[in-house]
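Quick look at model.txt (compact mmCIF, C-alpha atoms):
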```txt
# COMPACT_ATOMS: atom_id res chain seq x y z
CA ILE A 16 -6.03 -64.85 -0.51
CA ASN A 17 -5.10 -61.54 1.05
CA ASN A 18 -5.47 -58.52 -1.26
CA LEU A 19 -3.87 -55.57 0.42
CA ASP A 20 -5.86 -52.35 0.35
CA GLY A 21 -3.97 -49.16 -0.40
CA PRO A 22 -4.33 -45.96 1.64
CA VAL A 23 -7.05 -43.47 0.63
CA VAL A 24 -6.68 -39.71 0.95
CA SER A 25 -9.89 -37.66 1.03
CA ASN A 26 -11.32 -34.32 2.14
CA LEU A 27 -8.32 -32.42 0.79
CA TYR A 28 -8.35 -28.66 1.22
CA PRO A 29 -7.62 -26.48 -0.67
CA THR A 30 -9.80 -28.06 -3.30
CA GLY A 31 -8.91 -25.44 -5.95
CA GLY A 32 -10.18 -22.05 -6.95
CA GLN A 33 -9.37 -20.37 -3.62
CA THR A 34 -7.11 -17.35 -3.10
CA PHE A 35 -4.79 -17.32 -0.08
CA SER A 36 -2.62 -14.77 1.67
CA GLY A 37 -0.60 -14.91 4.86
CA GLN A 38 -1.02 -18.30 6.52
CA MET A 39 -2.75 -21.09 4.60
CA THR A 40 -3.87 -24.33 6.26
CA ILE A 41 -3.95 -27.62 4.36
CA TYR A 42 -6.48 -30.20 5.58
CA TRP A 43 -6.90 -33.85 4.64
CA THR A 44 -8.07 -37.25 5.86
CA ALA A 45 -6.08 -40.44 5.23
CA ALA A 46 -7.25 -43.98 6.02
CA ASP A 47 -6.22 -47.57 5.29
CA ALA A 48 -8.83 -50.36 5.21
CA ASP A 49 -6.22 -52.82 6.50
CA GLY A 50 -5.61 -50.64 9.56
CA ASP A 51 -1.96 -50.16 8.69
CA PRO A 52 -0.23 -47.10 10.18
CA LEU A 53 0.26 -44.38 7.60
CA VAL A 54 2.99 -41.86 6.91
CA ILE A 55 2.09 -38.61 5.13
CA ASP A 56 4.03 -36.53 2.60
CA ILE A 57 2.83 -33.14 1.36
CA LEU A 58 3.99 -31.92 -2.04
CA PHE A 59 3.65 -28.41 -3.46
CA SER A 60 3.56 -27.34 -7.11
CA THR A 61 4.18 -23.80 -8.30
CA ASP A 62 3.69 -24.52 -12.01
CA GLY A 63 0.24 -26.03 -12.33
CA GLY A 64 1.25 -29.57 -11.45
CA GLU A 65 4.12 -29.95 -13.90
CA ASN A 66 6.58 -30.37 -11.05
CA TYR A 67 6.19 -31.01 -7.34
CA ASN A 68 8.52 -30.23 -4.45
CA VAL A 69 8.35 -31.76 -0.99
CA LEU A 70 6.71 -29.37 1.45
CA ALA A 71 6.67 -31.78 4.40
CA GLU A 72 7.45 -35.47 4.66
CA SER A 73 7.11 -38.43 7.02
CA LEU A 74 4.31 -36.81 8.99
CA PRO A 75 2.32 -39.08 11.31
CA ASN A 76 -1.26 -39.67 10.28
CA CYS A 77 -4.12 -38.15 12.22
CA ALA A 78 -7.85 -37.77 11.71
CA PRO A 79 -8.32 -35.20 10.39
CA CYS A 80 -4.89 -33.72 9.70
CA SER A 81 -3.69 -30.20 9.00
CA TYR A 82 -0.50 -28.43 8.04
CA LYS A 83 0.15 -24.67 7.97
CA VAL A 84 2.01 -22.88 5.17
CA ASP A 85 3.37 -19.32 5.20
CA THR A 86 2.34 -18.10 1.75
CA THR A 87 4.43 -14.93 2.03
CA GLN A 88 7.42 -17.13 1.14
CA TYR A 89 5.98 -17.63 -2.35
CA GLU A 90 5.44 -15.40 -5.35
CA ASP A 91 1.96 -14.26 -6.28
CA SER A 92 0.57 -16.72 -8.82
CA ASP A 93 -2.57 -18.65 -9.80
CA GLN A 94 -0.64 -21.84 -10.67
CA TYR A 95 -0.33 -23.52 -7.27
CA MET A 96 -1.42 -27.08 -6.47
CA ILE A 97 -1.15 -29.40 -3.45
CA ARG A 98 -0.76 -33.18 -3.40
CA VAL A 99 -1.00 -35.27 -0.24
CA GLU A 100 0.44 -38.80 -0.32
CA ALA A 101 -0.18 -41.49 2.30
CA THR A 102 1.85 -44.70 2.43
CA ASP A 103 1.58 -47.81 4.56
CA GLY A 104 5.10 -48.89 3.65
CA GLU A 105 4.02 -50.91 0.61
CA LEU A 106 1.20 -49.07 -1.09
CA THR A 107 0.67 -45.35 -1.61
CA GLY A 108 -2.52 -43.38 -2.10
CA SER A 109 -2.74 -39.70 -2.96
CA ARG A 110 -5.07 -36.83 -3.69
CA GLU A 111 -4.33 -33.68 -5.64
CA SER A 112 -6.00 -30.28 -5.54
CA GLU A 113 -7.03 -28.17 -8.49
CA LEU A 114 -5.29 -24.86 -9.15
CA PHE A 115 -5.43 -22.19 -6.46
CA THR A 116 -3.98 -18.69 -6.08
CA ILE A 117 -1.55 -17.06 -3.68
CA PHE A 118 -1.72 -13.28 -3.55
CA ASN A 119 -0.06 -11.28 -0.78
CA ASN A 120 -0.71 -7.61 -1.35
CA ASP A 121 2.52 -5.61 -0.95
CA GLU A 122 2.52 -2.08 0.39
CA PRO A 123 3.36 0.64 -2.14
CA THR A 124 6.49 2.73 -1.69
CA VAL A 125 6.77 6.51 -1.88
CA ALA A 126 9.57 9.07 -1.63
CA PHE A 127 9.47 12.84 -2.02
CA THR A 128 11.70 14.25 -4.76
CA GLY A 129 10.73 17.90 -4.29
CA PRO A 130 10.50 20.64 -3.26
CA SER A 131 14.05 21.30 -2.18
CA THR A 132 14.61 21.98 1.51
CA ASP A 133 17.79 23.97 0.82
CA ASP A 134 16.12 27.29 -0.01
CA PRO A 135 12.83 29.01 0.84
CA VAL A 136 9.92 28.43 -1.51
CA SER A 137 7.07 30.75 -2.37
CA GLY A 138 4.03 31.08 -4.55
CA VAL A 139 3.08 27.95 -6.48
CA VAL A 140 5.35 25.09 -5.38
CA ASN A 141 5.81 21.91 -7.38
CA ILE A 142 5.52 18.95 -4.99
CA THR A 143 7.06 15.88 -6.63
CA TRP A 144 7.33 12.25 -5.57
CA ASP A 145 8.14 8.76 -6.76
CA ALA A 146 5.54 6.11 -5.82
CA SER A 147 5.38 2.52 -7.03
CA ASP A 148 4.04 -0.93 -6.20
CA VAL A 149 5.65 -4.29 -6.95
CA ASP A 150 2.21 -5.88 -7.49
CA ALA A 151 1.40 -5.76 -11.19
CA GLY A 152 -1.64 -3.77 -12.23
CA GLU A 153 -2.04 -1.84 -8.97
CA GLU A 154 -3.39 1.70 -9.35
CA LEU A 155 -2.05 4.18 -6.82
CA THR A 156 -3.67 7.30 -5.38
CA LEU A 157 -2.40 9.60 -2.68
CA ASP A 158 -3.36 12.22 -0.14
CA LEU A 159 -1.08 15.19 0.48
CA TYR A 160 -1.00 17.14 3.76
CA TYR A 161 1.02 19.95 5.30
CA SER A 162 1.79 20.82 8.89
CA GLU A 163 3.28 23.84 10.61
CA GLY A 164 5.68 22.68 13.30
CA GLU A 165 3.96 20.16 15.54
CA SER A 166 0.42 21.24 14.64
CA SER A 167 -2.25 19.11 12.99
CA TRP A 168 -2.02 17.86 9.43
CA TRP A 169 -4.08 19.92 7.00
CA PRO A 170 -5.10 18.49 3.60
CA ILE A 171 -3.60 19.82 0.39
CA VAL A 172 -5.33 17.33 -1.93
CA LYS A 173 -6.97 13.91 -1.52
CA ASP A 174 -7.50 10.92 -3.82
CA TYR A 175 -5.02 12.37 -6.29
CA PRO A 176 -3.74 10.13 -9.10
CA ASN A 177 -0.12 9.01 -9.01
CA VAL A 178 1.17 11.37 -11.69
CA GLY A 179 4.29 12.30 -9.71
CA TYR A 180 3.64 16.00 -9.11
CA TYR A 181 1.17 18.49 -7.68
CA LEU A 182 1.22 22.29 -7.98
CA TRP A 183 0.57 23.71 -4.51
CA ASP A 184 -0.33 27.38 -4.11
CA THR A 185 1.34 28.34 -0.83
CA TYR A 186 -0.30 31.76 -0.56
CA PRO A 187 -2.86 31.96 2.25
CA VAL A 188 -6.34 32.30 0.76
CA GLU A 189 -8.75 34.33 2.85
CA GLY A 190 -11.98 32.53 3.68
CA THR A 191 -10.52 29.03 3.20
CA MET A 192 -8.75 26.55 5.48
CA ASP A 193 -5.48 27.78 3.96
CA GLU A 194 -6.09 31.19 5.53
CA ARG A 195 -4.28 29.87 8.62
CA ARG A 196 -1.06 29.13 6.74
CA THR A 197 1.87 31.36 7.68
CA ASP A 198 5.45 31.72 6.57
CA GLY A 199 8.02 29.45 8.20
CA MET A 200 9.03 25.83 8.40
CA HIS A 201 6.50 23.24 7.25
CA LYS A 202 6.27 19.50 6.82
CA LEU A 203 4.73 17.65 3.90
CA ARG A 204 3.13 14.22 4.24
CA ALA A 205 2.15 11.84 1.44
CA VAL A 206 -0.12 8.86 2.10
CA VAL A 207 -0.21 6.44 -0.83
CA TYR A 208 -2.91 3.79 -1.34
CA ASP A 209 -3.04 0.89 -3.76
CA SER A 210 -6.23 -0.48 -5.29
CA ASN A 211 -6.30 -3.38 -2.81
CA GLY A 212 -6.22 -1.18 0.28
CA ALA A 213 -2.55 -1.34 1.29
CA GLN A 214 -0.98 2.02 2.16
CA THR A 215 2.26 3.66 3.17
CA GLU A 216 3.37 7.20 3.94
CA MET A 217 6.36 9.51 3.86
CA ILE A 218 7.07 12.84 5.59
CA LEU A 219 9.29 15.61 4.21
CA SER A 220 10.50 18.07 6.85
CA GLY A 221 12.19 21.45 6.47
CA VAL A 222 10.03 23.04 3.76
CA ASN A 223 10.56 26.76 4.35
CA ILE A 224 7.69 28.82 2.97
CA PHE A 225 8.29 32.54 2.55
CA ASN A 226 5.75 34.63 0.66
CA PRO A 227 6.73 38.33 0.83
CA ASP A 228 3.79 40.55 1.70
CA GLU A 229 2.76 43.19 -0.81
CA PRO A 230 3.48 46.76 0.36
CA ALA A 231 0.43 48.53 1.75
CA ILE A 232 -0.42 52.16 1.03
CA SER A 233 -3.29 54.43 1.99
CA LEU A 234 -3.94 57.93 0.71
CA ASP A 235 -4.64 60.49 3.45
CA SER A 236 -4.87 63.59 1.32
CA PRO A 237 -6.53 64.64 -0.90
CA GLU A 238 -9.79 62.92 -0.02
CA SER A 239 -12.11 61.55 -2.63
CA ASP A 240 -14.05 64.06 -4.71
CA THR A 241 -11.75 66.88 -3.55
CA VAL A 242 -10.97 69.56 -6.10
CA VAL A 243 -7.40 70.80 -5.85
CA LYS A 244 -5.67 73.75 -7.51
CA GLY A 245 -2.16 74.93 -7.83
CA THR A 246 0.47 73.18 -5.77
CA TYR A 247 -1.01 70.61 -3.45
CA LYS A 248 0.70 68.42 -0.86
CA ILE A 249 -0.25 64.76 -1.17
CA LYS A 250 -0.08 62.79 2.04
CA TRP A 251 0.01 59.01 2.39
```

Encoded form (structure tokens):
Amino acid sequence: INNLDGPVVSNLYPTGGQTFSGQMTIYWTAADADGDPLVIDILFSTDGGENYNVLAESLPNCAPCSYKVDTTQYEDSDQYMIRVEATDGELTGSRESELFTIFNNDEPTVAFTGPSTDDPVSGVVNITWDASDVDAGEELTLDLYYSEGESSWWPIVKDYPNVGYYLWDTYPVEGTMDERRTDGMHKLRAVVYDSNGAQTEMILSGVNIFNPDEPAISLDSPESDTVVKGTYKIKW
């Protein structure tokens, strides 16, 4: 009597419940009590085990074994499963994982839609943009900066919600960091962050700020508290 023993797959990883991004490594151990050489197939399910596709096949056995998977080739989902099959040519043994998740956080995108760079702007300028993220449920915030020529970037607003616009007062304000701002060509920079830490940025060049100065006048004559009579020449 010779009862053949089938292959046994154990120590499978992922076991289930994990979340992966980038490169994922599958680990397993396969053995056959009869000492028969084994051939390994790895199958991958994207729908919770309803269907399996071959990820790798006819791999030589090793102890322990591993196989790397680039998860960026797959959609974000929590319905992934792995099955490893070992065959000795007659009998097949297998082990299957529980559900695990693949989530590769995508960078948001942003593009300025205003102000126009065709004409000078002045006073309160409406900065507008279009920012989005392909990952569902991501909340976006952004920082806005301006720069004069090749100088440093100065903040306009930080941690601002992605509402698509911001009203920027371009007048220099004495006693604030905006006191340094002068008329001329400027750049705008938007840095957008998603709720998982990914970020991207966009620069808009050629924003021409021109805020006309108010006319200045000083009265030379008469002086304060002066009493005048008849015809008097006012000097300024």

query: Of the candidates A:Gly50, A:Gly221, A:Gly63, A:Pro176, which one gets nearest to Pro135 (chain A) if we count only C-alpha atoms?
result: A:Gly221

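Distances from A:Tyr89, A:Phe115, A:Tyr181, A:Trp43 to Gly64 (chain A) were compared using all atoms listed in the file, and the smallest one belongs to A:Phe115.
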
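Each of A:Pro29, A:Pro22, A:Pro123, A:Gly104 was compared to Lys83 (chain A) using all atoms listed in the file, and A:Pro29 turns out to be the nearest.
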
- request: For Asp93 (chain A), work out the shell of residues within 7 Å, counting only C-alpha atoms and skipping chain neighbours fewer than 5 positions away, then give it as a VMD selection string.
  value: chain A and resid 114 to 117

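Our summary of the geometry notes that CA of Thr86 (chain A) is positioned 27.1 Å from CA of Thr156 (chain A).
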
- prompt: Around (5.9, 27.7, 3.8) in the file's own coordinates, what residues are found within 8 Å if you use all atoms listed in the file, given back as JSON, numbers by chain?
  reply: {"A": [135, 136, 137, 185, 196, 197, 198, 199, 200, 201, 222, 223, 224, 225, 226]}

For Glu122 (chain A): contacts at 9 Å, only C-alpha atoms, fewer than 3 positions along chain excluded, given as a ChimeraX atom specification: /A:148-150,208-209,212-215

message: List the spatial neighbours of region 98-102 of chain A as a ChimeraX atom specification - criterion: any atom at most 9 Å away, only C-alpha atoms, same-chain residues fewer than 2 positions off excluded.
response: /A:21-24,27,43,45-46,52-60,67,76,96,104-112

Generate a file of the selected residues that holds C-alpha atoms, formatted as a compact mmCIF listing (two decimals), in the coordinates of the input.
```
# COMPACT_ATOMS: atom_id res chain seq x y z
CA GLY A 21 -3.97 -49.16 -0.40
CA PRO A 22 -4.33 -45.96 1.64
CA VAL A 23 -7.05 -43.47 0.63
CA VAL A 24 -6.68 -39.71 0.95
CA LEU A 27 -8.32 -32.42 0.79
CA TRP A 43 -6.90 -33.85 4.64
CA ALA A 45 -6.08 -40.44 5.23
CA ALA A 46 -7.25 -43.98 6.02
CA PRO A 52 -0.23 -47.10 10.18
CA LEU A 53 0.26 -44.38 7.60
CA VAL A 54 2.99 -41.86 6.91
CA ILE A 55 2.09 -38.61 5.13
CA ASP A 56 4.03 -36.53 2.60
CA ILE A 57 2.83 -33.14 1.36
CA LEU A 58 3.99 -31.92 -2.04
CA PHE A 59 3.65 -28.41 -3.46
CA SER A 60 3.56 -27.34 -7.11
CA TYR A 67 6.19 -31.01 -7.34
CA ASN A 76 -1.26 -39.67 10.28
CA MET A 96 -1.42 -27.08 -6.47
CA GLY A 104 5.10 -48.89 3.65
CA GLU A 105 4.02 -50.91 0.61
CA LEU A 106 1.20 -49.07 -1.09
CA THR A 107 0.67 -45.35 -1.61
CA GLY A 108 -2.52 -43.38 -2.10
CA SER A 109 -2.74 -39.70 -2.96
CA ARG A 110 -5.07 -36.83 -3.69
CA GLU A 111 -4.33 -33.68 -5.64
CA SER A 112 -6.00 -30.28 -5.54
```

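Minimum distance to Pro237 (chain A) across A:Ile249, A:Leu182, A:Ala126, A:Ala151 (counting all atoms listed in the file) occurs at A:Ile249.
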
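Among the candidates A:Tyr42, A:Asn177, A:Gln33, A:Ala48, the one nearest to Asp20 (chain A) when counting only C-alpha atoms is A:Ala48.
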
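With distances restricted to all atoms listed in the file, A:Ala146 is the closest residue to Met217 (chain A) from A:Val172, A:Met39, A:Ala78, A:Ala146.
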
message: So the first atom is CA of Ser233 (chain A) and the second is CA of Asp184 (chain A); what is the distance between them in Å, to one decimal place?
response: 27.9 Å

- prompt: What gap, in Å, lies between CA of Leu157 (chain A) and CA of Ser210 (chain A)?
  reply: 11.1 Å
